[in-house]
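As provided, start.txt (compact mmCIF, C-alpha atoms and all ligand atoms) reads as follows.
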# COMPACT_ATOMS: atom_id res chain seq x y z
CA MET A 1 143.12 -29.55 -54.48
CA LYS A 2 140.41 -29.75 -51.90
CA ARG A 3 136.76 -29.04 -52.39
CA LYS A 4 135.69 -25.89 -50.62
CA LYS A 5 133.48 -26.51 -47.60
CA LYS A 6 129.93 -25.33 -47.94
CA TRP A 7 127.45 -24.48 -45.23
CA TYR A 8 125.80 -27.88 -45.56
CA ASP A 9 129.06 -29.64 -44.81
CA PHE A 10 128.47 -28.73 -41.19
CA LEU A 11 125.06 -30.32 -40.82
CA TRP A 12 126.69 -33.10 -38.83
CA ILE A 13 126.60 -30.64 -35.93
CA VAL A 14 122.82 -30.63 -36.18
CA SER A 15 122.69 -34.43 -36.14
CA LEU A 16 124.97 -34.59 -33.15
CA THR A 17 123.01 -31.92 -31.29
CA TYR A 18 119.82 -33.82 -31.99
CA LEU A 19 121.18 -36.96 -30.36
CA ILE A 20 122.43 -35.01 -27.36
CA LEU A 21 119.19 -33.09 -26.85
CA GLY A 22 117.35 -36.38 -26.53
CA PHE A 23 119.27 -36.99 -23.34
CA PHE A 24 117.88 -33.83 -21.80
CA ASN A 25 114.37 -33.54 -23.08
CA ILE A 26 112.85 -36.33 -25.08
CA LEU A 27 110.36 -34.01 -26.77
CA PHE A 28 113.16 -32.73 -29.00
CA ALA A 29 112.93 -36.12 -30.70
CA TRP A 30 110.04 -34.72 -32.73
CA LEU A 31 112.54 -32.61 -34.71
CA GLY A 32 113.82 -35.87 -36.17
CA LEU A 33 110.77 -35.93 -38.41
CA LEU A 34 112.64 -33.37 -40.50
CA CYS A 35 115.17 -35.98 -41.59
CA PHE A 36 112.22 -38.07 -42.62
CA PHE A 37 110.25 -35.57 -44.62
CA ILE A 38 113.02 -33.47 -46.19
CA PRO A 39 114.67 -36.38 -48.06
CA LEU A 40 111.29 -37.71 -49.13
CA LEU A 41 110.10 -34.34 -50.37
CA ILE A 42 113.33 -33.72 -52.27
CA ALA A 43 113.06 -37.15 -53.88
CA ILE A 44 109.39 -36.73 -54.75
CA ILE A 45 109.58 -33.16 -56.01
CA LYS A 46 113.04 -32.99 -57.54
CA GLY A 47 113.59 -36.65 -58.32
CA ASN A 48 117.10 -36.79 -56.90
CA LYS A 49 118.99 -37.74 -53.79
CA ALA A 50 120.38 -34.30 -52.97
CA TYR A 51 119.61 -34.99 -49.33
CA CYS A 52 122.03 -37.93 -49.20
CA ASN A 53 124.48 -36.36 -51.60
CA LYS A 54 124.75 -33.03 -49.82
CA TYR A 55 122.80 -32.40 -46.67
CA CYS A 56 122.56 -35.54 -44.58
CA GLY A 57 124.28 -34.82 -41.27
CA ARG A 58 124.24 -38.42 -40.18
CA GLY A 59 126.31 -39.49 -43.15
CA GLN A 60 128.73 -36.65 -42.45
CA LEU A 61 128.99 -37.72 -38.83
CA PHE A 62 129.98 -41.21 -39.88
CA SER A 63 132.57 -40.02 -42.37
CA LEU A 64 133.99 -37.73 -39.72
CA LEU A 65 134.21 -40.40 -37.02
CA GLY A 66 135.25 -43.19 -39.34
CA GLY A 67 137.41 -41.15 -41.68
CA ASN A 68 138.95 -38.20 -39.85
CA PHE A 69 139.03 -39.88 -36.43
CA GLY A 70 139.99 -43.22 -37.90
CA LEU A 71 137.36 -45.24 -36.09
CA SER A 72 136.85 -47.53 -39.03
CA ARG A 73 138.67 -50.60 -40.30
CA LYS A 74 137.90 -49.43 -43.86
CA LYS A 75 137.19 -52.94 -45.08
CA ASP A 76 134.77 -53.90 -47.82
CA ILE A 77 131.23 -54.48 -46.70
CA PRO A 78 130.13 -58.13 -47.13
CA LYS A 79 128.41 -58.86 -50.41
CA TRP A 80 125.07 -59.84 -48.86
CA MET A 81 124.79 -56.51 -47.08
CA LYS A 82 124.75 -54.58 -50.33
CA SER A 83 122.39 -56.98 -52.06
CA ASN A 84 118.95 -55.70 -52.86
CA TYR A 85 117.42 -58.53 -50.84
CA PHE A 86 119.02 -57.21 -47.69
CA ARG A 87 118.47 -53.54 -48.50
CA TYR A 88 114.81 -53.91 -49.34
CA GLY A 89 114.32 -56.46 -46.58
CA PHE A 90 115.77 -54.07 -44.04
CA LEU A 91 113.58 -51.28 -45.38
CA ILE A 92 110.46 -53.40 -44.90
CA PHE A 93 111.54 -54.52 -41.44
CA PHE A 94 112.28 -50.94 -40.48
CA PHE A 95 108.85 -49.85 -41.60
CA LEU A 96 107.08 -52.65 -39.77
CA MET A 97 108.85 -51.59 -36.60
CA PHE A 98 107.98 -47.99 -37.32
CA PHE A 99 104.29 -48.77 -37.62
CA LEU A 100 104.43 -50.81 -34.45
CA MET A 101 105.84 -47.72 -32.78
CA LEU A 102 103.03 -45.58 -34.19
CA TRP A 103 100.49 -48.13 -32.98
CA ASN A 104 101.99 -47.97 -29.50
CA THR A 105 101.77 -44.19 -29.60
CA TRP A 106 98.13 -44.43 -30.59
CA LEU A 107 97.37 -46.76 -27.68
CA VAL A 108 98.84 -44.23 -25.28
CA PHE A 109 96.89 -41.41 -26.96
CA ASP A 110 93.79 -43.46 -26.53
CA GLY A 111 94.50 -44.14 -22.88
CA VAL A 112 94.64 -47.91 -23.39
CA LYS A 113 98.30 -48.08 -22.45
CA ASN A 114 100.35 -46.09 -20.00
CA LEU A 115 103.27 -43.98 -21.10
CA SER A 116 106.53 -45.88 -20.97
CA THR A 117 109.50 -43.61 -20.39
CA ALA A 118 112.03 -45.95 -21.94
CA VAL A 119 114.11 -45.93 -25.10
CA THR A 120 114.17 -49.25 -26.93
CA LEU A 121 117.52 -50.01 -28.48
CA LEU A 122 117.76 -52.38 -31.45
CA TRP A 123 114.05 -53.14 -31.04
CA THR A 124 114.90 -55.27 -28.01
CA PHE A 125 116.72 -53.61 -25.16
CA ARG A 126 114.72 -51.22 -23.04
CA LEU A 127 116.86 -48.47 -21.55
CA PRO A 128 115.37 -46.41 -18.72
CA TRP A 129 115.15 -42.82 -19.96
CA HIS A 130 112.84 -41.17 -17.43
CA TRP A 131 115.28 -38.33 -16.71
CA ALA A 132 114.57 -36.85 -20.11
CA TYR A 133 110.87 -36.62 -19.46
CA HIS A 134 109.52 -33.49 -17.81
CA GLY A 135 105.89 -33.76 -18.65
CA THR A 136 104.07 -32.82 -21.79
CA LEU A 137 101.38 -30.30 -22.59
CA PHE A 138 98.86 -32.01 -24.72
CA SER A 139 98.71 -35.76 -24.29
CA GLU A 140 101.07 -38.43 -23.06
CA GLY A 141 100.92 -39.82 -26.58
CA VAL A 142 103.06 -36.87 -27.68
CA ALA A 143 105.78 -38.04 -25.33
CA GLN A 144 105.31 -41.68 -26.30
CA PHE A 145 105.95 -40.79 -29.92
CA ALA A 146 109.06 -38.88 -28.88
CA PHE A 147 110.40 -41.91 -27.00
CA GLY A 148 109.54 -44.16 -29.93
CA PHE A 149 111.09 -41.88 -32.51
CA TYR A 150 114.22 -41.33 -30.49
CA SER A 151 114.52 -45.11 -30.18
CA VAL A 152 114.50 -45.35 -33.97
CA MET A 153 117.14 -42.66 -34.31
CA LEU A 154 119.38 -44.08 -31.61
CA THR A 155 119.06 -47.61 -32.95
CA SER A 156 120.04 -46.55 -36.44
CA THR A 157 122.95 -44.57 -35.05
CA VAL A 158 124.20 -47.58 -33.11
CA LEU A 159 123.87 -49.85 -36.14
CA GLY A 160 125.59 -47.21 -38.23
CA ILE A 161 128.48 -46.93 -35.80
CA LEU A 162 128.81 -50.69 -35.68
CA THR A 163 129.11 -51.04 -39.44
CA MET A 164 131.27 -47.92 -39.54
CA VAL A 165 133.80 -49.61 -37.26
CA LEU A 166 133.64 -52.96 -39.02
CA PHE A 167 133.56 -51.76 -42.63
CA LYS A 168 133.80 -48.34 -44.23
CA PRO A 169 132.86 -45.09 -42.48
CA ARG A 170 129.57 -44.62 -44.28
CA SER A 171 128.58 -48.28 -44.55
CA TRP A 172 125.26 -47.34 -43.00
CA CYS A 173 124.39 -45.55 -46.24
CA VAL A 174 124.37 -48.88 -48.05
CA TYR A 175 121.36 -50.15 -46.10
CA CYS A 176 119.95 -46.91 -44.65
CA PRO A 177 116.16 -47.15 -45.09
CA MET A 178 115.88 -43.46 -46.00
CA GLY A 179 118.59 -43.84 -48.62
CA THR A 180 116.99 -46.97 -50.06
CA MET A 181 113.56 -45.38 -50.09
CA THR A 182 114.65 -42.14 -51.76
CA GLN A 183 116.53 -44.18 -54.37
CA LEU A 184 113.37 -46.20 -55.03
CA ILE A 185 111.35 -43.01 -55.41
CA CYS A 186 113.93 -41.66 -57.85
CA LYS A 187 113.81 -44.90 -59.81
CA ALA A 188 110.03 -44.76 -60.03
CA LYS A 189 109.94 -41.09 -60.85
CA ASN A 190 112.61 -41.15 -63.51
CA ARG A 191 110.98 -44.09 -65.19
CA THR A 192 107.74 -42.21 -65.79
CA THR A 193 109.48 -39.03 -66.89
CA PRO A 194 112.56 -40.13 -68.77
CA MET B 1 150.78 -44.02 -71.76
CA VAL B 2 148.52 -46.07 -69.52
CA LYS B 3 145.66 -44.15 -68.00
CA ARG B 4 143.21 -45.23 -65.40
CA LYS B 5 139.63 -44.12 -65.05
CA ALA B 6 137.05 -44.83 -62.38
CA ILE B 7 134.14 -47.04 -63.34
CA VAL B 8 130.96 -47.38 -61.28
CA HIS B 9 129.13 -50.69 -61.23
CA ILE B 10 125.80 -48.98 -61.44
CA SER B 11 123.56 -51.92 -60.60
CA GLU B 12 124.96 -51.97 -57.06
CA CYS B 13 125.22 -48.22 -56.56
CA VAL B 14 123.13 -46.89 -53.66
CA ALA B 15 123.46 -43.27 -54.81
CA CYS B 16 124.74 -42.11 -51.42
CA GLY B 17 127.14 -39.57 -52.88
CA CYS B 18 130.16 -40.39 -50.71
CA CYS B 19 132.20 -40.52 -53.89
CA ILE B 20 131.12 -37.02 -54.97
CA LYS B 21 132.45 -35.52 -51.77
CA VAL B 22 135.97 -36.88 -52.12
CA CYS B 23 136.58 -36.38 -55.81
CA PRO B 24 139.22 -33.65 -56.23
CA ARG B 25 138.16 -33.06 -59.83
CA ASN B 26 134.42 -32.79 -59.24
CA ALA B 27 134.03 -35.50 -61.83
CA ILE B 28 131.14 -37.34 -60.21
CA SER B 29 127.44 -36.58 -60.20
CA ILE B 30 124.25 -38.47 -59.38
CA PRO B 31 121.84 -36.72 -61.72
CA LYS B 32 118.75 -38.85 -61.12
CA GLY B 33 119.32 -40.18 -57.63
CA ILE B 34 119.79 -43.71 -58.93
CA TYR B 35 123.51 -44.13 -59.57
CA ALA B 36 126.71 -42.17 -59.80
CA GLU B 37 128.12 -41.11 -63.15
CA ILE B 38 131.75 -40.31 -63.78
CA ASN B 39 132.82 -37.69 -66.23
CA ARG B 40 135.66 -39.47 -67.98
CA GLU B 41 137.06 -36.22 -69.30
CA LEU B 42 137.63 -34.95 -65.78
CA CYS B 43 138.59 -38.15 -63.97
CA VAL B 44 142.31 -38.49 -63.33
CA GLY B 45 142.12 -41.97 -61.86
CA CYS B 46 143.32 -40.97 -58.41
CA GLY B 47 141.22 -43.69 -56.76
CA LYS B 48 139.87 -41.60 -53.91
CA CYS B 49 136.28 -42.47 -54.78
CA THR B 50 137.19 -46.16 -54.97
CA LYS B 51 138.44 -46.11 -51.41
CA GLU B 52 135.55 -44.04 -50.11
CA CYS B 53 132.61 -45.87 -51.69
CA PRO B 54 130.90 -47.73 -48.82
CA ALA B 55 129.66 -50.39 -51.19
CA SER B 56 133.11 -50.74 -52.82
CA ILE B 57 131.69 -50.74 -56.31
CA ILE B 58 134.00 -48.30 -58.07
CA SER B 59 137.01 -49.75 -59.79
CA LEU B 60 139.86 -48.22 -61.68
CA GLU B 61 140.24 -49.55 -65.14
CA VAL B 62 142.92 -49.03 -67.69
CA THR B 63 141.72 -47.18 -70.75
CA GLU B 64 143.09 -46.50 -74.19
CA SER B 65 144.42 -43.06 -75.13
S1 LIG C 1 121.86 -43.09 -47.03
FE1 LIG C 1 120.92 -42.44 -45.09
S2 LIG C 1 122.62 -41.87 -43.77
FE2 LIG C 1 123.42 -42.01 -45.84
S3 LIG C 1 123.33 -39.95 -46.63
FE3 LIG C 1 121.40 -40.93 -47.23
S4 LIG C 1 119.94 -40.52 -45.59
FE4 LIG C 1 121.99 -40.03 -44.83
S1 LIG C 2 139.33 -41.62 -59.57
FE1 LIG C 2 139.69 -39.64 -58.57
S2 LIG C 2 139.30 -38.14 -60.21
FE2 LIG C 2 138.41 -40.06 -60.88
S3 LIG C 2 136.28 -39.93 -60.24
FE3 LIG C 2 137.40 -41.01 -58.62
S4 LIG C 2 137.97 -39.42 -57.16
FE4 LIG C 2 137.38 -38.39 -59.06
S1 LIG C 3 129.96 -43.90 -53.12
FE1 LIG C 3 129.61 -45.81 -54.25
S2 LIG C 3 127.49 -46.39 -53.75
FE2 LIG C 3 127.75 -44.24 -53.14
S3 LIG C 3 127.06 -43.08 -54.94
FE3 LIG C 3 129.27 -43.32 -55.16
S4 LIG C 3 129.50 -45.18 -56.38
FE4 LIG C 3 127.40 -45.18 -55.64
Serialized structure, structure tokens:
Amino acid sequence: MKRKKKWYDFLWIVSLTYLILGFFNILFAWLGLLCFFIPLLIAIIKGNKAYCNKYCGRGQLFSLLGGNFGLSRKKDIPKWMKSNYFRYGFLIFFFLMFFLMLWNTWLVFDGVKNLSTAVTLLWTFRLPWHWAYHGTLFSEGVAQFAFGFYSVMLTSTVLGILTMVLFKPRSWCVYCPMGTMTQLICKAKNRTTP
Amino acid sequence: MVKRKAIVHISECVACGCCIKVCPRNAISIPKGIYAEINRELCVGCGKCTKECPASIISLEVTES
């Protein structure tokens, strides 16, 4: 007996398209804000993780690649990786890096720094990405944010694929900052309204 | 007769919902976004959720009745 597929079981196509669009025009990276705000809003308003449980296309992509395509060893994730120390630590680190990215964007907005048309992978490796930049309307800061945000998305995809191969398909979900954060919000919310 | 039922170690659950998606009996829910709950009436102990859980925190345990 197999569960019937629902429309949201195909949201992995959206996630995949998002990653591909970033190769053609970096400004599409702005759309990624949706997978920031939707899970947060659901957690804050409804007090649940419906985003993770149903809609998240990234999780679906990993279970497809790791499960259906067999690109996963399907081993247990190491104990330390599922510990709260690591999960919360990674969340904090992720946010620090995120604010650094916002700061960089601000500097470009302000004209202090020049636009850098590179995508930074794993917060370290700078990949030239100029082909995906065709100018921007408003300010170069708009493009800088797009490069920064796409870097975040690509980095988390690469990490997710790495742990998918090494451990279980959706290992990323164990330490995904969005998943950890929405769970924290649910914990806080359901404590005040039991 | 020996029956097995899935048990979630809730303190380590990340509430990702991978288990929900594979359960053939729709026995799993995450009502408050904190941890997964298994409906013991529905669970048939097939172990699909155990295999799927990325944190490997569901185990099958033998129950009475
Ligand atoms: S934990 Fe992250 S990747 Fe996994 S379903 Fe939730 S938001 Fe998506
Ligand atoms: S053991 Fe099988 S029936 Fe029971 S909760 Fe897990 S997937 Fe569902
Ligand atoms: S798959 Fe595992 S970690 Fe995810 S909700 Fe189910 S029991 Fe919790």
Which centre and which edge lengths, in Å to one decimal, describe the axis-aligned box that holds all listed atoms of segment 147-152 of chain A after 3 Å is added on each side, as AutoDock Vina command-line options?
--center_x 112.0 --center_y -43.3 --center_z -30.5 --size_x 11.0 --size_y 10.0 --size_z 13.0
Protein and nucleic residues near ligand LIG 3 (chain C), 9 Å, only C-alpha atoms and all ligand atoms, as a short mmCIF file (atom, residue, chain, number, x, y, z; two decimals) with C-alpha atoms, in the frame of the given file:
data_model
loop_
_atom_site.label_atom_id
_atom_site.label_comp_id
_atom_site.auth_asym_id
_atom_site.auth_seq_id
_atom_site.Cartn_x
_atom_site.Cartn_y
_atom_site.Cartn_z
CA ASN A 53 124.48 -36.36 -51.60
CA ARG A 170 129.57 -44.62 -44.28
CA CYS A 173 124.39 -45.55 -46.24
CA VAL A 174 124.37 -48.88 -48.05
CA ILE B 7 134.14 -47.04 -63.34
CA VAL B 8 130.96 -47.38 -61.28
CA HIS B 9 129.13 -50.69 -61.23
CA ILE B 10 125.80 -48.98 -61.44
CA GLU B 12 124.96 -51.97 -57.06
CA CYS B 13 125.22 -48.22 -56.56
CA VAL B 14 123.13 -46.89 -53.66
CA ALA B 15 123.46 -43.27 -54.81
CA CYS B 16 124.74 -42.11 -51.42
CA GLY B 17 127.14 -39.57 -52.88
CA CYS B 18 130.16 -40.39 -50.71
CA CYS B 19 132.20 -40.52 -53.89
CA ILE B 20 131.12 -37.02 -54.97
CA LYS B 21 132.45 -35.52 -51.77
CA ILE B 28 131.14 -37.34 -60.21
CA SER B 29 127.44 -36.58 -60.20
CA ILE B 30 124.25 -38.47 -59.38
CA GLY B 33 119.32 -40.18 -57.63
CA ILE B 34 119.79 -43.71 -58.93
CA TYR B 35 123.51 -44.13 -59.57
CA ALA B 36 126.71 -42.17 -59.80
CA GLU B 37 128.12 -41.11 -63.15
CA CYS B 49 136.28 -42.47 -54.78
CA THR B 50 137.19 -46.16 -54.97
CA LYS B 51 138.44 -46.11 -51.41
CA GLU B 52 135.55 -44.04 -50.11
CA CYS B 53 132.61 -45.87 -51.69
CA PRO B 54 130.90 -47.73 -48.82
CA ALA B 55 129.66 -50.39 -51.19
CA SER B 56 133.11 -50.74 -52.82
CA ILE B 57 131.69 -50.74 -56.31
CA ILE B 58 134.00 -48.30 -58.07
#
Checklist line | Counting all atoms listed in the file, the option among A:Asn114, A:Ser63, A:Ser139, A:Asn104 closest to ligand LIG 1 (chain C) | finding: A:Ser63
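With the cut-off set to 6 Å and only C-alpha atoms counted, chain A residues close to chain B are Met1, Lys2, Asn48, Lys49, Cys52, Asn53, Lys168, Arg170, Ser171, Gln183 and Cys186 of chain A.
In this comparison, which uses only C-alpha atoms and all ligand atoms, the residue of A:Gly70, A:Gly179, A:Gly111, A:Gly160 approaching ligand LIG 1 (chain C) most closely is A:Gly179.
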Margin query: Set the distance at 12 Å and use only C-alpha atoms: which residues neighbour Ala132 of chain A once local chain neighbours fewer than 5 positions away are removed? I'd like the list as a PyMOL selection string.
Written below: chain A and resi 20-29+117-119+127+143+146-147+150
Report the closest atom pair, with its distance in Å rounded to one decimal, for each residue of chain A that has an atom no farther than 12 Å from ligand LIG 1 (chain C); count all atoms listed in the file, sort by chain and then rising residue number, and write it as a Markdown table.
| residue | atom | partner | partner_atom | distance |
| --- | --- | --- | --- | --- |
| A:Asp9 | CA | C:LIG1 | S3 | 11.9 |
| A:Leu11 | CA | C:LIG1 | FE4 | 10.9 |
| A:Trp12 | CA | C:LIG1 | FE4 | 10.3 |
| A:Ser15 | CA | C:LIG1 | FE4 | 10.4 |
| A:Leu34 | CA | C:LIG1 | S4 | 11.4 |
| A:Cys35 | CA | C:LIG1 | S4 | 7.7 |
| A:Phe36 | CA | C:LIG1 | S4 | 8.6 |
| A:Phe37 | CA | C:LIG1 | S4 | 10.9 |
| A:Ile38 | CA | C:LIG1 | S4 | 9.9 |
| A:Pro39 | CA | C:LIG1 | S4 | 7.1 |
| A:Leu40 | CA | C:LIG1 | S4 | 9.8 |
| A:Ile42 | CA | C:LIG1 | S4 | 11.6 |
| A:Ala43 | CA | C:LIG1 | S4 | 11.3 |
| A:Asn48 | CA | C:LIG1 | FE3 | 11.4 |
| A:Lys49 | CA | C:LIG1 | FE3 | 7.7 |
| A:Ala50 | CA | C:LIG1 | FE3 | 8.8 |
| A:Tyr51 | CA | C:LIG1 | FE3 | 6.5 |
| A:Cys52 | CA | C:LIG1 | S3 | 3.5 |
| A:Asn53 | CA | C:LIG1 | S3 | 6.2 |
| A:Lys54 | CA | C:LIG1 | S3 | 7.8 |
| A:Tyr55 | CA | C:LIG1 | S3 | 7.6 |
| A:Cys56 | CA | C:LIG1 | FE4 | 4.5 |
| A:Gly57 | CA | C:LIG1 | FE4 | 6.7 |
| A:Arg58 | CA | C:LIG1 | S2 | 5.2 |
| A:Gly59 | CA | C:LIG1 | S2 | 4.4 |
| A:Gln60 | CA | C:LIG1 | S3 | 7.6 |
| A:Leu61 | CA | C:LIG1 | S2 | 9.1 |
| A:Phe62 | CA | C:LIG1 | S2 | 8.4 |
| A:Ser63 | CA | C:LIG1 | FE2 | 10.0 |
| A:Arg87 | CA | C:LIG1 | S1 | 11.1 |
| A:Leu91 | CA | C:LIG1 | FE1 | 11.5 |
| A:Met153 | CA | C:LIG1 | S2 | 11.0 |
| A:Ser156 | CA | C:LIG1 | S2 | 9.1 |
| A:Thr157 | CA | C:LIG1 | S2 | 9.1 |
| A:Leu159 | CA | C:LIG1 | S2 | 11.1 |
| A:Gly160 | CA | C:LIG1 | S2 | 8.2 |
| A:Ile161 | CA | C:LIG1 | S2 | 11.1 |
| A:Met164 | CA | C:LIG1 | S2 | 11.4 |
| A:Pro169 | CA | C:LIG1 | FE2 | 10.5 |
| A:Arg170 | CA | C:LIG1 | FE2 | 6.9 |
| A:Ser171 | CA | C:LIG1 | FE2 | 8.2 |
| A:Trp172 | CA | C:LIG1 | S2 | 6.1 |
| A:Cys173 | CA | C:LIG1 | S1 | 3.6 |
| A:Val174 | CA | C:LIG1 | S1 | 6.4 |
| A:Tyr175 | CA | C:LIG1 | S1 | 7.1 |
| A:Cys176 | CA | C:LIG1 | FE1 | 4.6 |
| A:Pro177 | CA | C:LIG1 | FE1 | 6.7 |
| A:Met178 | CA | C:LIG1 | S4 | 5.0 |
| A:Gly179 | CA | C:LIG1 | S1 | 3.7 |
| A:Thr180 | CA | C:LIG1 | S1 | 6.9 |
| A:Met181 | CA | C:LIG1 | S1 | 9.1 |
| A:Thr182 | CA | C:LIG1 | FE3 | 8.2 |
| A:Gln183 | CA | C:LIG1 | S1 | 9.1 |
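Note that the spacing between atom CA of Ser83 of chain A and atom CA of Lys187 of chain A amounts to 16.7 Å.
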Notebook entry, point to check: What is the distance between atom CA of Val44 of chain B and atom CA of Arg3 of chain A, in Å to one decimal?
Noted result: 15.5 Å
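Between atom CA of Leu31 of chain A and atom CA of Arg126 of chain A the separation is 22.1 Å.
The neighbours of Glu61 of chain B here are the residues that come within 7 Å of it, using all atoms listed in the file and leaving out any residue fewer than 3 positions away in the same chain; they are Arg4, Lys5, Ala6 and Ile7 of chain B.
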Since the input lacks some atoms of segment 13-27 of chain B, please model N, CA and C atoms and print them as an mmCIF file, in the frame of the given file.
data_model
loop_
_atom_site.group_PDB
_atom_site.id
_atom_site.type_symbol
_atom_site.label_atom_id
_atom_site.label_comp_id
_atom_site.auth_asym_id
_atom_site.auth_seq_id
_atom_site.Cartn_x
_atom_site.Cartn_y
_atom_site.Cartn_z
ATOM 1 N N CYS B 13 125.030 -49.554 -57.138
ATOM 2 C CA CYS B 13 125.220 -48.220 -56.560
ATOM 3 C C CYS B 13 124.005 -47.840 -55.716
ATOM 4 N N VAL B 14 124.247 -47.296 -54.513
ATOM 5 C CA VAL B 14 123.130 -46.890 -53.660
ATOM 6 C C VAL B 14 122.892 -45.382 -53.730
ATOM 7 N N ALA B 15 123.636 -44.708 -54.576
ATOM 8 C CA ALA B 15 123.460 -43.270 -54.810
ATOM 9 C C ALA B 15 123.612 -42.427 -53.544
ATOM 10 N N CYS B 16 124.555 -42.827 -52.683
ATOM 11 C CA CYS B 16 124.740 -42.110 -51.420
ATOM 12 C C CYS B 16 125.517 -40.813 -51.611
ATOM 13 N N GLY B 17 126.396 -40.797 -52.603
ATOM 14 C CA GLY B 17 127.140 -39.570 -52.880
ATOM 15 C C GLY B 17 128.441 -39.425 -52.117
ATOM 16 N N CYS B 18 128.881 -40.470 -51.415
ATOM 17 C CA CYS B 18 130.160 -40.390 -50.710
ATOM 18 C C CYS B 18 131.290 -40.111 -51.699
ATOM 19 N N CYS B 19 131.159 -40.680 -52.889
ATOM 20 C CA CYS B 19 132.200 -40.520 -53.890
ATOM 21 C C CYS B 19 132.296 -39.062 -54.362
ATOM 22 N N ILE B 20 131.131 -38.410 -54.505
ATOM 23 C CA ILE B 20 131.120 -37.020 -54.970
ATOM 24 C C ILE B 20 131.982 -36.152 -54.066
ATOM 25 N N LYS B 21 131.813 -36.399 -52.746
ATOM 26 C CA LYS B 21 132.450 -35.520 -51.770
ATOM 27 C C LYS B 21 133.954 -35.619 -51.756
ATOM 28 N N VAL B 22 134.506 -36.752 -52.193
ATOM 29 C CA VAL B 22 135.970 -36.880 -52.120
ATOM 30 C C VAL B 22 136.676 -36.607 -53.437
ATOM 31 N N CYS B 23 135.916 -36.534 -54.506
ATOM 32 C CA CYS B 23 136.580 -36.380 -55.810
ATOM 33 C C CYS B 23 137.211 -34.994 -55.954
ATOM 34 N N PRO B 24 138.532 -34.945 -56.126
ATOM 35 C CA PRO B 24 139.220 -33.650 -56.230
ATOM 36 C C PRO B 24 138.917 -32.937 -57.550
ATOM 37 N N ARG B 25 138.417 -33.671 -58.541
ATOM 38 C CA ARG B 25 138.160 -33.060 -59.830
ATOM 39 C C ARG B 25 136.692 -32.750 -60.068
ATOM 40 N N ASN B 26 135.853 -32.986 -59.062
ATOM 41 C CA ASN B 26 134.420 -32.790 -59.240
ATOM 42 C C ASN B 26 133.900 -33.538 -60.463
ATOM 43 N N ALA B 27 134.363 -34.759 -60.612
ATOM 44 C CA ALA B 27 134.030 -35.500 -61.830
ATOM 45 C C ALA B 27 132.779 -36.352 -61.679
#
